[in-house]
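Here's the structure, in structure tokens; my notes come after.
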Amino acid sequence: MDVVDLLIRFGLGLLVISLVMGVCMYSVLAERKVSSWIQGRVGPNRTTVPLIGAIPILGPFLTRLGIFQPLADGGKFLFKEDVVPAHVHKFYYVLAPIIAFIPALVTISVVPFGQYVDAATGTVKTLILANVDVGILLVFAVASLGVYSIIIAGWASNSKYPFLGGIRASAQMISYELAMTLSVVPVFMWVNAPGTEGTLSLVRVVDAQADWWFVLTQPVAAVVFLIALFAETNRLPFDMPESETDLVSGYHTEYSSFKFGFFFVGEYANMTVGACVTALVFFGGWHPLPFVTWADLAAWTGQAWMTTGVVGALLSIGTFVLKAFFFLFFFIWVRWTVPRFRYDQVMRIGWKGLLPVAIANLIAYALIIAAWDRWVS
Amino acid sequence: MAVKVIERKPLSWAERTYLPQILSGLRITFRNMFKPKVTVEYPEERPPIPVGYRGVPTLVRDPEGREKCVSCQLCEFVCPPKAIRITPGEIPEESQYAHVEKAPKEFEIDMLRCIYCGLCQEVCPEEAIFLQNTYSVTGTSRAEFVNNKQKLYEIGGTLPDKHFKWEKKRRAAEHGNAH
């Protein structure tokens, strides 16, 4: 690996991280906008910037849409007073937001964004930062590090509400991780058919969904995964660590300014990755429709540009991003539909609901796939 | 009264999974997104003020432009938070309204004390004080919140009046049968 290659990879990494950060910023805006629409309000529509806001029709339109609101929100986080309470454990107090932030960004490295055919060589290229074989395993492993940030934040804050929030969060995230991991096992059992090279890569999962999306063949696994994902990203109805009504603000009660911003952005980055993984594993990644891929479309219409080169890449990225955005929207949508569960209900759903269902699903699909491999294929 | 006991049906299997209920909830919230918004974008858009609204108390003039208040001080006495302060004065002899005899020299309503109860309007025998539509009172100092006589007439304006009580009194006096 020479220096140029390294630089290109570094640049791509920066690009992806800044794109994800942008998505995070604007999902905060989307959160505020969708919340207000659902509640019959208008949402942020006043913030404007001098030059762009002055363009006759476009400026007011963007202002009404709240496009500049994230700038104001971010600026506010930057310039607020950064209070470090006297009673906290300083080292861990500072460490927690960093731990919240980094795993969320690391996981994006194994998420593929699309595929295109290189016209010169005729090979299929995947747009991904690191095409490793342990894809989904890395996502689960690194994302589960995020629970440390909440535990450390809760403990280092040295006051009762963050502490309770931290305890609840650790119990919740560990409980739901089991169901989540078990729910994707049947998917990968199907992907790793006998005679093929074993893999946990997210790219291969999407390739396996050229005909049937896994949400159609394994709906139970998809539902369990989605519910567990809500719990893992601490979104309502599972926002136990935060629970504004009973724990003030949970684990980040004592945090202010940019440290709080880190938690905030970390949460949204987790959501983004979660939405991406859901789209990839269960909803066909960059395939536009079940049973229809861009390659099929190109073959039917005879338009080769649909899969090759820049246009092909943009089409497949666009399909994938649209799906990911839908799930981001879904997160927000559910937030304003389902009230929060009580802590004991969260534990009951996790251990007595989702986990048995996930295990039963795993066993059932193990038998089905074994039978399929023996008699059908 | 007959008591009708309604049996609480046990939840069905589908209901116990919550999922159908959540789906119908999602449908409701999704439909809500496209309903017309209920909020008013305040500074540009103002809510309609209903008839009989009790806004800021004001003094009004009658259609001739005469100040109606005769400084009887009933409002000052009835005002529960003691927000009104009246300094009574005489109407000078040379004025064409001299027969009314009294008018307020100074009339102050402290908007930091006013509770918008409307008792002053109710008690006023001259129909000179009215709670009108203004609901947004702002200021940067305490002194700014005390509306003096001039300000009260400014925001009060002129209201239609069918009685012309003092006009009738004047005509009666001129004809020699005052009472």
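Chain labels follow the order of the structure tokens: the first chain is A, the next B, and so on; residue numbering restarts at 1 in every chain, and ligands are counted from 1 in their shown order.
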(message) Neighbouring residues of Arg27 (chain B) were defined as those with any atom within 12 Å, considering only C-alpha atoms; residues of the same chain fewer than 4 positions away were excluded. Please report them as a ChimeraX atom specification.
(response) /A:38,330,333-334,336-338 /B:20-23,31-34
With a distance cut-off of 10 Å and only C-alpha atoms, select the neighbouring residues of Ser159 (chain A), excluding the residue or stretch itself and same-chain residues fewer than 5 positions from it, and output the selection as a PDB file with C-alpha atoms, in the first residue's frame.
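Full text of result.pdb as output:
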ATOM      1  CA  HIS A  87     -18.419  16.727  42.009  1.00  0.00           C
ATOM      2  CA  VAL A  88     -17.649  14.759  38.835  1.00  0.00           C
ATOM      3  CA  GLY A 154     -23.705   7.937  34.449  1.00  0.00           C
ATOM      4  CA  LEU A 164     -29.936   5.621  37.440  1.00  0.00           C
ATOM      5  CA  TYR A 251     -26.944  10.057  31.775  1.00  0.00           C
ATOM      6  CA  THR A 253     -27.941  15.534  32.927  1.00  0.00           C
ATOM      7  CA  GLU A 254     -24.596  16.927  34.064  1.00  0.00           C
TER       8      GLU A 254
END
(message) Could you tell me how far CA of Ile150 (chain A) sits from CA of His252 (chain A), in Å to one decimal place?
(response)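 Computing it gives 8.3 Å between the two atoms.
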(message) I need the chain A residues near chain B as a ChimeraX atom specification; criterion: at most 12 Å, counting only C-alpha atoms.
(response) /A:33-46,64,220,223-224,227,237,329-339,341,349,352-354,357
(message) Env of region 44-60 of chain B: 7 Å cut, atoms = only C-alpha atoms, seq-sep filter 3 positions within chain, self excluded. Answer as a list in words.
(response) Val40, Glu41, Glu67, Lys68, Tyr116, Gly118, Ala128, Ile129, Phe130, Leu131, Gln132, Asn133, Thr134, Tyr135, Leu152, Tyr153, Ile155, Gly156, Gly157, Thr158 and Leu159 of chain B
For the residues in the current selection, export N, CA and C atoms as a PDB file, in the first residue's frame.
ATOM      1  N   VAL B  40     -50.456  29.470  15.192  1.00  0.00           N
ATOM      2  CA  VAL B  40     -50.473  30.778  14.551  1.00  0.00           C
ATOM      3  C   VAL B  40     -49.046  31.294  14.584  1.00  0.00           C
ATOM      4  N   GLU B  41     -48.530  31.749  13.440  1.00  0.00           N
ATOM      5  CA  GLU B  41     -47.156  32.255  13.425  1.00  0.00           C
ATOM      6  C   GLU B  41     -47.170  33.670  13.947  1.00  0.00           C
ATOM      7  N   GLU B  67     -64.030  63.982  26.389  1.00  0.00           N
ATOM      8  CA  GLU B  67     -63.646  62.849  27.229  1.00  0.00           C
ATOM      9  C   GLU B  67     -64.805  62.501  28.142  1.00  0.00           C
ATOM     10  N   LYS B  68     -65.102  61.163  28.206  1.00  0.00           N
ATOM     11  CA  LYS B  68     -66.317  60.759  28.893  1.00  0.00           C
ATOM     12  C   LYS B  68     -66.125  60.643  30.393  1.00  0.00           C
ATOM     13  N   TYR B 116     -56.858  42.453  34.507  1.00  0.00           N
ATOM     14  CA  TYR B 116     -57.798  42.322  33.372  1.00  0.00           C
ATOM     15  C   TYR B 116     -59.135  41.737  33.809  1.00  0.00           C
ATOM     16  N   GLY B 118     -61.914  43.459  34.441  1.00  0.00           N
ATOM     17  CA  GLY B 118     -63.010  44.143  33.769  1.00  0.00           C
ATOM     18  C   GLY B 118     -64.009  44.787  34.722  1.00  0.00           C
ATOM     19  N   ALA B 128     -66.967  55.069  30.188  1.00  0.00           N
ATOM     20  CA  ALA B 128     -65.783  55.769  29.732  1.00  0.00           C
ATOM     21  C   ALA B 128     -64.570  54.854  29.689  1.00  0.00           C
ATOM     22  N   ILE B 129     -64.636  53.734  30.395  1.00  0.00           N
ATOM     23  CA  ILE B 129     -63.458  52.860  30.421  1.00  0.00           C
ATOM     24  C   ILE B 129     -63.841  51.501  29.844  1.00  0.00           C
ATOM     25  N   PHE B 130     -63.027  51.034  28.918  1.00  0.00           N
ATOM     26  CA  PHE B 130     -63.331  49.785  28.221  1.00  0.00           C
ATOM     27  C   PHE B 130     -62.081  48.928  28.145  1.00  0.00           C
ATOM     28  N   LEU B 131     -62.275  47.626  28.312  1.00  0.00           N
ATOM     29  CA  LEU B 131     -61.157  46.719  28.066  1.00  0.00           C
ATOM     30  C   LEU B 131     -61.195  46.361  26.590  1.00  0.00           C
ATOM     31  N   GLN B 132     -60.164  46.754  25.859  1.00  0.00           N
ATOM     32  CA  GLN B 132     -60.198  46.550  24.417  1.00  0.00           C
ATOM     33  C   GLN B 132     -59.286  45.416  23.963  1.00  0.00           C
ATOM     34  N   ASN B 133     -59.040  45.350  22.654  1.00  0.00           N
ATOM     35  CA  ASN B 133     -58.433  44.143  22.071  1.00  0.00           C
ATOM     36  C   ASN B 133     -56.944  43.959  22.324  1.00  0.00           C
ATOM     37  N   THR B 134     -56.228  45.006  22.690  1.00  0.00           N
ATOM     38  CA  THR B 134     -54.779  44.868  22.863  1.00  0.00           C
ATOM     39  C   THR B 134     -54.474  43.831  23.942  1.00  0.00           C
ATOM     40  N   TYR B 135     -53.635  42.847  23.596  1.00  0.00           N
ATOM     41  CA  TYR B 135     -53.300  41.825  24.591  1.00  0.00           C
ATOM     42  C   TYR B 135     -51.805  41.733  24.819  1.00  0.00           C
ATOM     43  N   LEU B 152     -53.788  56.433  27.527  1.00  0.00           N
ATOM     44  CA  LEU B 152     -55.052  55.693  27.619  1.00  0.00           C
ATOM     45  C   LEU B 152     -56.032  56.143  26.544  1.00  0.00           C
ATOM     46  N   TYR B 153     -56.061  57.468  26.295  1.00  0.00           N
ATOM     47  CA  TYR B 153     -56.961  57.969  25.248  1.00  0.00           C
ATOM     48  C   TYR B 153     -56.449  57.579  23.867  1.00  0.00           C
ATOM     49  N   ILE B 155     -54.789  54.815  22.993  1.00  0.00           N
ATOM     50  CA  ILE B 155     -55.121  53.441  22.622  1.00  0.00           C
ATOM     51  C   ILE B 155     -56.621  53.203  22.707  1.00  0.00           C
ATOM     52  N   GLY B 156     -57.359  54.090  23.394  1.00  0.00           N
ATOM     53  CA  GLY B 156     -58.802  53.883  23.541  1.00  0.00           C
ATOM     54  C   GLY B 156     -59.569  54.350  22.327  1.00  0.00           C
ATOM     55  N   GLY B 157     -59.247  55.529  21.849  1.00  0.00           N
ATOM     56  CA  GLY B 157     -59.935  56.079  20.690  1.00  0.00           C
ATOM     57  C   GLY B 157     -61.354  56.498  21.036  1.00  0.00           C
ATOM     58  N   THR B 158     -62.179  56.484  20.006  1.00  0.00           N
ATOM     59  CA  THR B 158     -63.558  56.934  20.177  1.00  0.00           C
ATOM     60  C   THR B 158     -64.487  55.756  19.951  1.00  0.00           C
ATOM     61  N   LEU B 159     -65.423  55.589  20.850  1.00  0.00           N
ATOM     62  CA  LEU B 159     -66.392  54.516  20.663  1.00  0.00           C
ATOM     63  C   LEU B 159     -67.759  55.133  20.392  1.00  0.00           C
TER      64      LEU B 159
END
(request) Check region 90-309 of chain A with DSSP on the backbone and list each residue it calls alpha helix (DSSP H), as a ChimeraX atom specification. (result) /A:90-106,135-143,146-156,160-191,202-207,214-217,219-232,244-247,257-281,294-301,309
(request) Pick out the residues sitting within 12 Å of Gly13 (chain A), and hand them over as a list in words; count only C-alpha atoms, and ignore anything fewer than 5 positions along from it in its own chain. (result) Leu6, Leu7, Ile8, Ser18, Leu19, Val20, Leu105, Val106, Thr107, Ile108, Ser109, Val110, Val111, Leu127, Ile128, Leu129 and Ala130 of chain A
How about saving the chosen residues, C-alpha atoms kept, as a PDB file, in the first residue's frame?
ATOM      1  CA  LEU A   6      -3.221   5.713   1.750  1.00  0.00           C
ATOM      2  CA  LEU A   7      -4.017   9.368   1.080  1.00  0.00           C
ATOM      3  CA  ILE A   8      -6.977   8.423  -1.108  1.00  0.00           C
ATOM      4  CA  SER A  18     -18.321  14.533   7.052  1.00  0.00           C
ATOM      5  CA  LEU A  19     -21.295  13.213   5.072  1.00  0.00           C
ATOM      6  CA  VAL A  20     -22.465  11.218   8.077  1.00  0.00           C
ATOM      7  CA  LEU A 105     -18.389   6.781  13.363  1.00  0.00           C
ATOM      8  CA  VAL A 106     -16.218   3.658  13.230  1.00  0.00           C
ATOM      9  CA  THR A 107     -19.133   1.407  12.280  1.00  0.00           C
ATOM     10  CA  ILE A 108     -19.837   3.434   9.152  1.00  0.00           C
ATOM     11  CA  SER A 109     -16.543   2.148   7.689  1.00  0.00           C
ATOM     12  CA  VAL A 110     -17.988  -1.299   6.889  1.00  0.00           C
ATOM     13  CA  VAL A 111     -21.290  -0.021   5.509  1.00  0.00           C
ATOM     14  CA  LEU A 127     -18.425   1.680  -2.767  1.00  0.00           C
ATOM     15  CA  ILE A 128     -17.302   0.919   0.754  1.00  0.00           C
ATOM     16  CA  LEU A 129     -14.543   2.178   3.016  1.00  0.00           C
ATOM     17  CA  ALA A 130     -13.390  -1.219   4.227  1.00  0.00           C
TER      18      ALA A 130
END
(request) Just the residues within 8 Å of Tyr148 (chain A), please, counting only C-alpha atoms, with nothing from its chain fewer than 3 positions along; format it as a PyMOL selection string. (result) chain A and resi 96+99-100+144-145+151-152+170
(message) I want to know what sits within 12 Å of Leu119 (chain B), based on only C-alpha atoms, with residues of the same chain fewer than 4 positions away left out; could you give that as a count of residues only?
(response) 21
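The shell of residues at most 10 Å from Ala222 (chain A), with only C-alpha atoms counted and near chain neighbours (fewer than 3 positions) removed, consists of Met180, Ser183, Val184, Val187, Phe214, Val215, Leu216, Thr217, Gln218, Pro219, Phe225, Leu226, Ile227, Ala228, Thr278, Val281, Phe282 and Phe283 of chain A.
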